[in-house]
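*Asks:* I have a structure here, written as structure tokens, and I will follow up with some questions on it.
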Number of protein chains: 2
Amino acid sequence: MRFMANLKFIDTISREGSIRKAADKLAITSTALNRRILQVEEEIGQPLFERLPSGVRLNTAGEIFVQHIRSQMADLARVQSQIADLSGIRRGHVRVASGADALRHFLPEAVAGYRREHPAVTFEMTRCYGDAAEASLLSLDTDIAMSFAPVRAAHFHVAAGVRQQIYCLMNEAHPLASRDVIRLRDCVGHPAILPNVMSGIRHLLDTALIRRNLELNTILESDSFEFMQNYLLHDEALSFQIPIGLAGSVETVVDSGIAGIVARPVDTADVPPGVIHIGYLKGRVLPVAAAKFLDDIIHQLQQRFPDETGL
Amino acid sequence: MRFMANLKFIDTISREGSIRKAADKLAITSTALNRRILQVEEEIGQPLFERLPSGVRLNTAGEIFVQHIRSQMADLARVQSQIADLSGIRRGHVRVASGADALRHFLPEAVAGYRREHPAVTFEMTRCYGDAAEASLLSLDTDIAMSFAPVRAAHFHVAAGVRQQIYCLMNEAHPLASRDVIRLRDCVGHPAILPNVMSGIRHLLDTALIRRNLELNTILESDSFEFMQNYLLHDEALSFQIPIGLAGSVETVVDSGIAGIVARPVDTADVPPGVIHIGYLKGRVLPVAAAKFLDDIIHQLQQRFPDETGL
DNA sequence: TTCGTGTGATGCAATTTTTGCACATCATGT
DNA sequence: ACATGATGTGCAAAAATTGCATCACACGAA
């Protein structure tokens with residue numbers, strides 16, 4: 001996109017913090033890049049960067065301008081998507097930021113299903129924790145965010161929410177495997193494997209434990225659900241997960257997940273369910289491809305969790 | 001603005017309907033312009049214009065793209081205004097579309113007052129009738145619209161509304177000049193001078209006349225209030241106007257308007273008051289200069305018509 | 001201090017891009 | 001059949017961009 005080049009350059013420099021680094025990334029020489037920036041600054045009438053010995057940094061005017069640039073680039077993507085849609089085949093690029101839970105089985109399935117109908121659409125899936133998803137919306141690095149955490153940011157437009165109860169995962173030979181519902185106090189004493197402190201599941205668990213003055217025997221922490229789940233095959237420990245992170249429906253988790261691992265709901269009186277929020281930046285008009293994908297996943301969530309979907 | 005040149009070119013071509021005409025207006029040769037357009041079309045991946053023997057016309061993709069371009073240009077103006085505001089002196093360009101009424105005395109005063117405080121701000125005042133104001137908002141040719149007509153378009157964000165009663169203007173020697181309130185039936189028989197059929201005043205009058213099955217003795221139609229008012233000096237005729245089109249406050253109209261002409265309210269039971277709507281394109285963020293000017297005029301309207309201002 | 005290494009800015013020649021002229025091509029109206 | 005207006009294109013001139021070498025500066029380590 002020739003007519004957007006200069007704007008893209010400024011955006012890159014602001015991210016890299018240095019003209020030379022940005023020039024490397026953009027595959028042009030630093031002097032050419034430098035002069036383009038000087039030219040734009042002259043056209044604007046004011047400098048956009050502070051020149052520091054260690055590089056450059058946006059000044060106030062630059063902050064405003066870069067925000068404008070990002071919004072323009074996102075808007076251009078939307079327009080292109082809309083124009084491409086006219087020719088019948090839907091093109092476009094969809095950028096999703098999500099917690100690790102949904103990235104395991106739900107989103108792969110959803111993306112594959114979507115691409116089966118629209119093979120010209122490309123995707124970019126970023127794993128991130130809580131606030132990061134919302135931040136990436138604001139910097140327009142992401143179109144759609146899925147976050148298993150309370151929505152804090154006012155700029156997050158919630159398109160749908162799905163209640164998710166915490167499930168306890170264990171080897172099918174585990175003594176607790178015979179129960180239909182797990183109480184939190186039953187878990188005490190058993191070795192426990194917990195997700196990263198940034199995780200929404202962990203947050204819910206920690207809050208519940210403090211409130212009931214309980215403590216788990218935490219033997220392992222990880223941010224890889226796959227690792228944790230596989231570990232259960234070799235040790236009589238407990239792990240925790242939400243339904244969207246499990247393959248297939250909850251009832252069939254024994255078969256469809258990793259063989260030999262079962263999931264049992266934790267009593268909601270002990271740990272209240274959390275909510276997965278799906279949404280986008282308030283005020284944005286999503287590109288066609290992204291908007292339709294959002295529709296798709298909301299529809300699939302409604303089918304899979306008919307009683308838990310709200311909004 | 002170098003980096004917006006191509007976009008501006010496309011916008012101009014779409015307005016002129018011909019590459020050559022646009023090239024003349026842009027002071028470059030048609031061949032250069034033509035090739036730039038071809039280049040952009042190639043980058044977009046689809047043609048934006050239909051080539052007709054009589055010139056070019058936007059196709060569907062072009063319509064979408066041009067709308068995007070206009071929005072970008074308006075947004076850039078906002079950003080520039082915002083950046084300029086950082087340096088203390090407020091710069092910017094404010095474009096207002098208004099009916100003739102407010103353009104007579106109210107807006108000149110308001111602009112002069114604003115420019116006294118912010119001399120670096122420039123203005124562009126366009127006179128237009130009813131729907132045209134709202135249309136110019138949509139094509140982003142205008143920042144602020146004032147319209148004495150019912151708001152029909154859904155994209156018009158009404159920032160304020162001022163109720164305006166119809167007044168009857170006449171020579172101070174006119175037999176009706178002694179009355180405090182004019183009834184519509186009193187006007188029948190006297191020669192009447194009416195504003196253009198597009199005018200909001202005319203619309204209110206016509207509706208009222210039809211409802212009461214009355215007919216005025218219309219001797220003159222014009223779209224120039226100044227002409228109509230001056231005509232009253234030389235003939236015992238009646239004309240109509242709303243307060244905002246009269247100089248000073250209603251009470252002092254005898255002195256501050258054209259000497260020898262008086263204004264008398266028409267009974268609201270005969271002709272209901274209309275509303276002047278002031279607003280901008282829904283969803284737009286106005287440039288600083290325009291936003292502040294809007295605040296200004298709303299404030300001044302509230303001071304001048306304290307009981308008639310709503311919203 | 002002194003040196004090395006990073007930063008952005010600049011003069012000048014080479015290169016790439018853009019432009020303008022002349023002309024081709026096409027459709028339409030007279 | 002012709003004139004007229006439109007967009008598209010080959011080619012040489014003009015203009016803009018780029019890359020190299022270099023400058024000026026600030027910081028950190030020896």
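Naming works like this for the structure tokens: A, B, ... for the chains as they're shown, residue 1 at the start of each chain, ligands 1 onward in shown order.
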Would you mind listing, as a PyMOL selection string, all residues of chain A that have at least one atom within 6 Å of chain B, where only C-alpha atoms are what counts?
*Replies:* chain A and resi 1+43+61+83
*Asks:* Taking the DSSP assignment computed from this structure's backbone, write out as an MDAnalysis selection string all residues of segment 128-310 of chain A that belong to strand (DSSP E).
*Replies:* chainID A and resid 144:147 156:164 167:171 191:195 217:222 238:241 261:265 274:281 309:310
*Asks:* Need the shell around segment 299-304 of chain B: protein/DNA/RNA residues with any atom at most 10 Å away, counting only C-alpha atoms (C1' of nucleotides). Skip same-chain ones fewer than 2 positions apart. Format as a VMD selection string?
*Replies:* chain B and resid 106 110 160 to 162 243 to 244 248 to 250 293 to 297 306 to 310
*Asks:* Only all heavy atoms, please: the residues just picked out, written as a compact mmCIF listing (two decimals), in the first residue's frame.
*Replies:*
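What follows is the written file out.txt:
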```txt
# COMPACT_ATOMS: atom_id res chain seq x y z
N PHE B 106 -26.68 36.29 13.30
CA PHE B 106 -26.20 35.47 14.41
C PHE B 106 -24.82 34.89 14.15
O PHE B 106 -23.89 35.06 14.95
CB PHE B 106 -27.21 34.34 14.67
CG PHE B 106 -26.75 33.39 15.73
CD1 PHE B 106 -26.75 33.76 17.06
CD2 PHE B 106 -26.26 32.13 15.40
CE1 PHE B 106 -26.30 32.91 18.05
CE2 PHE B 106 -25.81 31.26 16.37
CZ PHE B 106 -25.84 31.65 17.70
N ALA B 110 -21.15 35.47 15.89
CA ALA B 110 -20.54 34.34 16.60
C ALA B 110 -19.12 34.07 16.08
O ALA B 110 -18.19 33.88 16.86
CB ALA B 110 -21.41 33.10 16.44
N ALA B 160 -28.14 20.65 19.85
CA ALA B 160 -29.06 21.58 20.52
C ALA B 160 -30.19 21.92 19.57
O ALA B 160 -30.06 21.81 18.34
CB ALA B 160 -28.34 22.86 20.93
N GLY B 161 -31.31 22.34 20.15
CA GLY B 161 -32.44 22.78 19.35
C GLY B 161 -33.01 24.06 19.94
O GLY B 161 -33.05 24.21 21.16
N VAL B 162 -33.38 24.98 19.08
CA VAL B 162 -33.94 26.25 19.57
C VAL B 162 -35.30 26.48 18.91
O VAL B 162 -35.38 26.52 17.68
CB VAL B 162 -33.01 27.44 19.23
CG1 VAL B 162 -33.56 28.71 19.85
CG2 VAL B 162 -31.60 27.17 19.71
N PRO B 243 -36.80 34.79 14.83
CA PRO B 243 -35.98 35.70 15.64
C PRO B 243 -34.51 35.67 15.31
O PRO B 243 -33.84 36.71 15.29
CB PRO B 243 -36.23 35.22 17.07
CG PRO B 243 -37.57 34.60 17.04
CD PRO B 243 -37.72 34.00 15.67
N ILE B 244 -33.97 34.48 15.03
CA ILE B 244 -32.53 34.40 14.81
C ILE B 244 -32.12 35.15 13.56
O ILE B 244 -30.96 35.55 13.41
CB ILE B 244 -32.06 32.93 14.73
CG1 ILE B 244 -30.58 32.85 15.15
CG2 ILE B 244 -32.28 32.36 13.36
CD1 ILE B 244 -30.07 31.45 15.28
N GLY B 248 -30.23 41.64 16.92
CA GLY B 248 -30.47 41.93 18.34
C GLY B 248 -31.60 41.11 18.91
O GLY B 248 -32.07 40.14 18.31
N SER B 249 -32.06 41.46 20.06
CA SER B 249 -33.15 40.73 20.68
C SER B 249 -34.46 41.16 20.04
O SER B 249 -34.55 42.18 19.35
CB SER B 249 -33.17 41.02 22.18
OG SER B 249 -33.55 42.35 22.39
N VAL B 250 -35.48 40.37 20.26
CA VAL B 250 -36.75 40.61 19.59
C VAL B 250 -37.32 41.98 19.95
O VAL B 250 -37.85 42.70 19.12
CB VAL B 250 -37.76 39.51 19.95
CG1 VAL B 250 -39.08 39.79 19.29
CG2 VAL B 250 -37.22 38.17 19.54
N PHE B 293 -16.24 25.80 18.77
CA PHE B 293 -17.16 26.76 18.15
C PHE B 293 -18.60 26.32 18.38
O PHE B 293 -19.47 27.14 18.67
CB PHE B 293 -16.86 26.88 16.67
CG PHE B 293 -17.76 27.86 15.96
CD1 PHE B 293 -17.67 29.22 16.23
CD2 PHE B 293 -18.70 27.42 15.05
CE1 PHE B 293 -18.50 30.13 15.58
CE2 PHE B 293 -19.53 28.32 14.40
CZ PHE B 293 -19.44 29.68 14.67
N LEU B 294 -18.82 25.01 18.26
CA LEU B 294 -20.16 24.50 18.52
C LEU B 294 -20.60 24.83 19.95
O LEU B 294 -21.72 25.31 20.18
CB LEU B 294 -20.17 22.98 18.29
CG LEU B 294 -21.51 22.27 18.47
CD1 LEU B 294 -22.55 22.82 17.51
CD2 LEU B 294 -21.35 20.77 18.25
N ASP B 295 -19.70 24.60 20.89
CA ASP B 295 -20.01 24.97 22.27
C ASP B 295 -20.39 26.44 22.37
O ASP B 295 -21.38 26.81 23.01
CB ASP B 295 -18.79 24.73 23.18
CG ASP B 295 -18.58 23.25 23.44
OD1 ASP B 295 -19.47 22.46 23.08
OD2 ASP B 295 -17.54 22.90 24.01
N ASP B 296 -19.58 27.25 21.69
CA ASP B 296 -19.82 28.69 21.73
C ASP B 296 -21.22 29.06 21.26
O ASP B 296 -21.94 29.78 21.93
CB ASP B 296 -18.80 29.39 20.82
CG ASP B 296 -17.63 29.94 21.62
OD1 ASP B 296 -17.33 29.34 22.67
OD2 ASP B 296 -17.03 30.94 21.18
N ILE B 297 -21.58 28.58 20.08
CA ILE B 297 -22.86 29.03 19.54
C ILE B 297 -24.01 28.48 20.36
O ILE B 297 -25.00 29.16 20.57
CB ILE B 297 -23.03 28.70 18.03
CG1 ILE B 297 -22.84 27.23 17.74
CG2 ILE B 297 -22.11 29.53 17.19
CD1 ILE B 297 -23.03 26.90 16.27
N PRO B 306 -33.21 31.96 26.15
CA PRO B 306 -33.10 31.07 27.33
C PRO B 306 -34.27 30.12 27.48
O PRO B 306 -34.10 29.01 27.98
CB PRO B 306 -33.02 32.06 28.49
CG PRO B 306 -33.53 33.35 27.98
CD PRO B 306 -33.26 33.38 26.52
N ASP B 307 -35.46 30.55 27.02
CA ASP B 307 -36.63 29.69 27.25
C ASP B 307 -36.90 28.75 26.08
O ASP B 307 -37.75 27.87 26.17
CB ASP B 307 -37.87 30.55 27.48
CG ASP B 307 -37.66 31.51 28.65
OD1 ASP B 307 -36.91 31.12 29.58
OD2 ASP B 307 -38.21 32.61 28.60
N GLU B 308 -36.19 28.93 25.00
CA GLU B 308 -36.51 28.17 23.79
C GLU B 308 -35.48 27.08 23.48
O GLU B 308 -35.62 26.35 22.52
CB GLU B 308 -36.59 29.12 22.58
CG GLU B 308 -37.37 30.40 22.83
CD GLU B 308 -38.83 30.11 23.15
OE1 GLU B 308 -39.31 29.03 22.74
OE2 GLU B 308 -39.48 30.94 23.81
N THR B 309 -34.41 27.06 24.29
CA THR B 309 -33.33 26.14 23.98
C THR B 309 -33.53 24.81 24.68
O THR B 309 -33.81 24.77 25.87
CB THR B 309 -32.00 26.73 24.42
OG1 THR B 309 -31.98 28.11 24.06
CG2 THR B 309 -30.84 26.01 23.77
N GLY B 310 -33.41 23.77 23.91
CA GLY B 310 -33.61 22.43 24.49
C GLY B 310 -32.45 21.52 24.20
O GLY B 310 -31.53 21.87 23.47
```
*Asks:* Need the shell around Arg35 of chain A: protein/DNA/RNA residues with any atom at most 10 Å away, counting only C-alpha atoms (C1' of nucleotides). Skip same-chain ones fewer than 4 positions apart. Format as an MDAnalysis selection string?
*Replies:* (chainID A and resid 30:31 39:41) or (chainID C and resid 9:10) or (chainID D and resid 17)
*Asks:* Any idea what's packed within 12 Å of DT5 of chain C, counting only C-alpha atoms (C1' of nucleotides), ignoring anything in its chain fewer than 6 positions away? Could you give it as a list in words?
*Replies:*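 Contacts, with the query itself left out: Pro53 and Ser54 of chain A; DA26, DC27, DG28 and DA29 of chain D.
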*Asks:* Would you list the contacts of DC23 of chain C as a CSV table (one decimal) with N, CA and C atoms (P, O5', C5', C4', C3', O3' and C1' of nucleotides), in the first residue's frame, taking every protein, DNA or RNA residue within 12 Å and counting only C-alpha atoms (C1' of nucleotides), but skipping same-chain residues closer than 4 positions in sequence?
*Replies:*
```csv
chain,number,residue,atom,x,y,z
D,8,DG,P,-8.2,4.6,-17.9
D,8,DG,O5',-7.2,4.3,-19.1
D,8,DG,C5',-7.4,3.2,-19.9
D,8,DG,C4',-6.3,3.1,-20.9
D,8,DG,C3',-4.9,2.7,-20.4
D,8,DG,O3',-4.3,1.7,-21.2
D,8,DG,C1',-4.8,4.6,-21.7
D,9,DT,P,-3.0,1.0,-20.7
D,9,DT,O5',-1.9,1.7,-21.6
D,9,DT,C5',-1.8,1.4,-23.0
D,9,DT,C4',-0.6,2.1,-23.6
D,9,DT,C3',0.7,1.9,-22.9
D,9,DT,O3',1.7,1.8,-23.9
D,9,DT,C1',0.4,4.2,-23.2
D,10,DG,P,2.9,0.8,-23.6
D,10,DG,O5',4.1,1.4,-24.5
D,10,DG,C5',3.8,1.9,-25.8
D,10,DG,C4',4.9,2.8,-26.3
D,10,DG,C3',6.3,2.6,-25.7
D,10,DG,O3',7.3,2.9,-26.7
D,10,DG,C1',5.5,4.8,-25.1
D,11,DC,P,8.8,2.7,-26.4
D,11,DC,O5',9.3,4.2,-26.1
D,11,DC,C5',8.9,5.2,-27.0
D,11,DC,C4',9.5,6.5,-26.5
D,11,DC,C3',10.8,6.4,-25.8
D,11,DC,O3',11.7,7.5,-26.1
D,11,DC,C1',9.3,7.5,-24.4
```
*Asks:* For chain B, report every residue with an atom at most 12 Å from chain D (counting only C-alpha atoms (C1' of nucleotides)), formatted as number ranges by chain.
*Replies:* B: 17-21, 30-35, 37-38, 49-56
*Asks:* How would the residues just picked look written out with N, CA, C and O atoms as a CSV table (one decimal), in the first residue's frame?
*Replies:*
```csv
chain,number,residue,atom,x,y,z
B,17,GLY,N,-16.1,13.9,-11.7
B,17,GLY,CA,-16.6,13.0,-12.6
B,17,GLY,C,-15.8,12.8,-13.9
B,17,GLY,O,-16.2,12.2,-14.8
B,18,SER,N,-14.6,13.3,-13.8
B,18,SER,CA,-13.7,13.2,-15.0
B,18,SER,C,-12.3,13.4,-14.5
B,18,SER,O,-12.0,14.3,-13.7
B,19,ILE,N,-11.4,12.6,-15.1
B,19,ILE,CA,-10.0,12.7,-14.7
B,19,ILE,C,-9.4,14.0,-15.2
B,19,ILE,O,-8.6,14.6,-14.5
B,20,ARG,N,-9.8,14.3,-16.4
B,20,ARG,CA,-9.2,15.6,-16.9
B,20,ARG,C,-9.6,16.8,-16.1
B,20,ARG,O,-8.8,17.7,-15.8
B,21,LYS,N,-10.9,16.9,-15.8
B,21,LYS,CA,-11.4,18.0,-15.1
B,21,LYS,C,-10.7,18.1,-13.7
B,21,LYS,O,-10.2,19.2,-13.3
B,30,SER,N,-3.4,15.4,-16.9
B,30,SER,CA,-4.4,14.3,-16.7
B,30,SER,C,-3.7,12.9,-16.8
B,30,SER,O,-4.1,12.0,-16.1
B,31,THR,N,-2.6,12.9,-17.5
B,31,THR,CA,-1.9,11.6,-17.6
B,31,THR,C,-1.2,11.2,-16.3
B,31,THR,O,-1.3,10.0,-15.9
B,32,ALA,N,-0.7,12.1,-15.6
B,32,ALA,CA,-0.1,11.8,-14.3
B,32,ALA,C,-1.2,11.4,-13.4
B,32,ALA,O,-1.0,10.3,-12.7
B,33,LEU,N,-2.3,12.1,-13.4
B,33,LEU,CA,-3.4,11.7,-12.5
B,33,LEU,C,-3.9,10.4,-12.8
B,33,LEU,O,-4.1,9.5,-11.9
B,34,ASN,N,-4.1,10.2,-14.1
B,34,ASN,CA,-4.6,8.9,-14.6
B,34,ASN,C,-3.7,7.7,-14.0
B,34,ASN,O,-4.2,6.7,-13.5
B,35,ARG,N,-2.4,7.9,-14.2
B,35,ARG,CA,-1.6,6.8,-13.8
B,35,ARG,C,-1.6,6.6,-12.3
B,35,ARG,O,-1.4,5.5,-11.8
B,37,ILE,N,-4.1,7.0,-10.4
B,37,ILE,CA,-5.3,6.3,-10.1
B,37,ILE,C,-5.2,4.8,-10.4
B,37,ILE,O,-5.5,3.9,-9.6
B,38,LEU,N,-4.6,4.5,-11.6
B,38,LEU,CA,-4.4,3.1,-12.0
B,38,LEU,C,-3.5,2.4,-10.9
B,38,LEU,O,-3.8,1.3,-10.6
B,49,PHE,N,-13.2,3.0,-10.3
B,49,PHE,CA,-14.1,3.8,-11.2
B,49,PHE,C,-14.6,3.0,-12.4
B,49,PHE,O,-13.9,2.0,-12.8
B,50,GLU,N,-15.8,3.3,-12.8
B,50,GLU,CA,-16.3,2.8,-14.1
B,50,GLU,C,-15.8,3.8,-15.1
B,50,GLU,O,-16.0,5.0,-15.0
B,51,ARG,N,-15.2,3.3,-16.2
B,51,ARG,CA,-14.8,4.2,-17.3
B,51,ARG,C,-16.0,4.3,-18.3
B,51,ARG,O,-16.3,3.3,-19.0
B,52,LEU,N,-16.5,5.5,-18.4
B,52,LEU,CA,-17.6,5.8,-19.3
B,52,LEU,C,-17.0,6.7,-20.4
B,52,LEU,O,-16.0,7.3,-20.2
B,53,PRO,N,-17.7,6.7,-21.5
B,53,PRO,CA,-17.2,7.6,-22.6
B,53,PRO,C,-17.2,9.1,-22.1
B,53,PRO,O,-16.5,9.9,-22.6
B,54,SER,N,-18.1,9.4,-21.2
B,54,SER,CA,-18.2,10.8,-20.7
B,54,SER,C,-17.3,11.1,-19.5
B,54,SER,O,-17.4,12.2,-19.0
B,55,GLY,N,-16.5,10.1,-19.1
B,55,GLY,CA,-15.7,10.4,-17.9
B,55,GLY,C,-15.6,9.1,-17.1
B,55,GLY,O,-15.7,8.0,-17.6
B,56,VAL,N,-15.5,9.3,-15.8
B,56,VAL,CA,-15.5,8.2,-14.9
B,56,VAL,C,-16.5,8.3,-13.8
B,56,VAL,O,-16.9,9.5,-13.5
```
*Asks:* Once you count only C-alpha atoms (C1' of nucleotides), which residues of chain C turn out to be within 8 Å of chain A? Could you give them as a compact mmCIF listing (two decimals) with N, CA, C and O atoms (P, O5', C5', C4', C3', O3' and C1' of nucleotides), in the first residue's frame?
*Replies:*
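Once written, selection24.txt looks like this:
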```
# COMPACT_ATOMS: atom_id res chain seq x y z
P DG C 6 27.02 -0.88 18.65
O5' DG C 6 25.85 0.21 18.50
C5' DG C 6 24.72 0.12 19.34
C4' DG C 6 24.28 1.50 19.77
C3' DG C 6 23.54 2.29 18.69
O3' DG C 6 22.17 1.89 18.64
C1' DG C 6 25.04 3.67 19.90
P DT C 7 21.31 2.23 17.38
O5' DT C 7 21.07 3.80 17.49
C5' DT C 7 20.26 4.31 18.56
C4' DT C 7 20.35 5.81 18.59
C3' DT C 7 19.95 6.52 17.31
O3' DT C 7 18.54 6.59 17.22
C1' DT C 7 21.88 7.52 18.27
P DG C 8 17.88 6.70 15.78
O5' DG C 8 18.11 8.23 15.43
C5' DG C 8 17.46 9.22 16.22
C4' DG C 8 18.00 10.60 15.88
C3' DG C 8 17.52 11.14 14.52
O3' DG C 8 17.31 12.54 14.63
C1' DG C 8 19.88 11.01 14.53
```
*Asks:* When DSSP works through the backbone of this structure, what residues of segment 151-189 of chain A end up as helix (DSSP H, G or I), shown as a PDB file with N, CA, C and O atoms, in the first residue's frame?
*Replies:*
```pdb
ATOM      1  N   PRO A 175      -8.761 -41.283  43.498  1.00  0.00           N
ATOM      2  CA  PRO A 175      -9.850 -41.566  44.453  1.00  0.00           C
ATOM      3  C   PRO A 175     -11.048 -40.645  44.287  1.00  0.00           C
ATOM      4  O   PRO A 175     -12.189 -41.063  44.502  1.00  0.00           O
ATOM      5  N   LEU A 176     -10.800 -39.386  43.869  1.00  0.00           N
ATOM      6  CA  LEU A 176     -11.929 -38.452  43.729  1.00  0.00           C
ATOM      7  C   LEU A 176     -12.702 -38.674  42.436  1.00  0.00           C
ATOM      8  O   LEU A 176     -13.763 -38.080  42.237  1.00  0.00           O
ATOM      9  N   ALA A 177     -12.207 -39.523  41.569  1.00  0.00           N
ATOM     10  CA  ALA A 177     -12.831 -39.693  40.261  1.00  0.00           C
ATOM     11  C   ALA A 177     -14.217 -40.299  40.350  1.00  0.00           C
ATOM     12  O   ALA A 177     -15.029 -40.195  39.444  1.00  0.00           O
ATOM     13  N   SER A 178     -14.503 -40.931  41.468  1.00  0.00           N
ATOM     14  CA  SER A 178     -15.821 -41.564  41.595  1.00  0.00           C
ATOM     15  C   SER A 178     -16.920 -40.564  41.948  1.00  0.00           C
ATOM     16  O   SER A 178     -18.100 -40.877  41.856  1.00  0.00           O
ATOM     17  N   LEU A 184     -14.310 -28.190  47.359  1.00  0.00           N
ATOM     18  CA  LEU A 184     -12.962 -27.633  47.417  1.00  0.00           C
ATOM     19  C   LEU A 184     -12.140 -28.288  48.533  1.00  0.00           C
ATOM     20  O   LEU A 184     -10.948 -28.555  48.381  1.00  0.00           O
ATOM     21  N   ARG A 185     -12.807 -28.550  49.656  1.00  0.00           N
ATOM     22  CA  ARG A 185     -12.047 -29.113  50.792  1.00  0.00           C
ATOM     23  C   ARG A 185     -11.576 -30.528  50.496  1.00  0.00           C
ATOM     24  O   ARG A 185     -10.620 -31.000  51.107  1.00  0.00           O
ATOM     25  N   ASP A 186     -12.247 -31.213  49.525  1.00  0.00           N
ATOM     26  CA  ASP A 186     -11.794 -32.544  49.139  1.00  0.00           C
ATOM     27  C   ASP A 186     -10.418 -32.493  48.486  1.00  0.00           C
ATOM     28  O   ASP A 186      -9.652 -33.460  48.507  1.00  0.00           O
ATOM     29  N   CYS A 187     -10.140 -31.331  47.877  1.00  0.00           N
ATOM     30  CA  CYS A 187      -8.890 -31.221  47.131  1.00  0.00           C
ATOM     31  C   CYS A 187      -7.689 -31.049  48.054  1.00  0.00           C
ATOM     32  O   CYS A 187      -6.559 -31.381  47.687  1.00  0.00           O
TER      33      CYS A 187
END
```
*Asks:* Give me the residues within 9 Å of Ala97 of chain A as a compact mmCIF listing (two decimals) with N, CA, C and O atoms, in the first residue's frame, counting only C-alpha atoms (C1' of nucleotides) and dropping any in the same chain fewer than 4 places off.
*Replies:*
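Saved result, selection.txt, follows:
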```
# COMPACT_ATOMS: atom_id res chain seq x y z
N GLU A 124 -4.68 -14.63 12.68
CA GLU A 124 -3.52 -14.36 13.52
C GLU A 124 -4.01 -14.51 14.95
O GLU A 124 -4.80 -13.71 15.45
N MET A 125 -3.60 -15.56 15.60
CA MET A 125 -4.10 -15.85 16.94
C MET A 125 -2.99 -15.56 17.96
O MET A 125 -1.90 -16.13 17.86
N THR A 126 -3.27 -14.70 18.89
CA THR A 126 -2.28 -14.35 19.89
C THR A 126 -2.77 -14.79 21.26
O THR A 126 -3.89 -14.50 21.65
N ARG A 127 -1.91 -15.50 21.95
CA ARG A 127 -2.25 -15.90 23.31
C ARG A 127 -1.86 -14.78 24.25
O ARG A 127 -0.78 -14.22 24.15
N CYS A 128 -2.73 -14.43 25.16
CA CYS A 128 -2.36 -13.40 26.12
C CYS A 128 -3.20 -13.52 27.38
O CYS A 128 -4.21 -14.20 27.40
N ALA A 132 -3.91 -7.85 28.89
CA ALA A 132 -3.18 -7.69 27.63
C ALA A 132 -4.12 -7.74 26.44
O ALA A 132 -3.94 -7.03 25.46
N ALA A 133 -5.14 -8.59 26.51
CA ALA A 133 -6.09 -8.70 25.41
C ALA A 133 -6.77 -7.36 25.18
O ALA A 133 -6.88 -6.89 24.05
N GLU A 134 -7.19 -6.75 26.28
CA GLU A 134 -7.88 -5.48 26.14
C GLU A 134 -6.94 -4.39 25.66
O GLU A 134 -7.33 -3.50 24.90
N SER A 136 -4.40 -4.80 23.67
CA SER A 136 -4.10 -4.99 22.25
C SER A 136 -5.29 -4.53 21.39
O SER A 136 -5.11 -4.22 20.22
N LEU A 137 -6.46 -4.50 21.97
CA LEU A 137 -7.60 -3.92 21.24
C LEU A 137 -7.38 -2.43 21.05
O LEU A 137 -7.59 -1.88 19.98
N THR A 142 -5.33 -5.93 17.46
CA THR A 142 -6.23 -7.08 17.53
C THR A 142 -7.64 -6.64 17.17
O THR A 142 -8.06 -5.54 17.49
N ASP A 143 -8.36 -7.53 16.49
CA ASP A 143 -9.74 -7.24 16.16
C ASP A 143 -10.69 -7.75 17.23
O ASP A 143 -11.63 -7.06 17.64
N ILE A 144 -10.46 -8.98 17.66
CA ILE A 144 -11.39 -9.64 18.57
C ILE A 144 -10.62 -10.14 19.79
O ILE A 144 -9.53 -10.70 19.64
N ALA A 145 -11.19 -9.96 20.95
CA ALA A 145 -10.54 -10.45 22.17
C ALA A 145 -11.47 -11.41 22.90
O ALA A 145 -12.67 -11.20 22.98
N MET A 146 -10.89 -12.51 23.40
CA MET A 146 -11.62 -13.44 24.28
C MET A 146 -10.85 -13.48 25.59
O MET A 146 -9.65 -13.75 25.59
N SER A 147 -11.52 -13.21 26.67
CA SER A 147 -10.79 -13.09 27.92
C SER A 147 -11.60 -13.69 29.06
O SER A 147 -12.76 -13.35 29.25
```
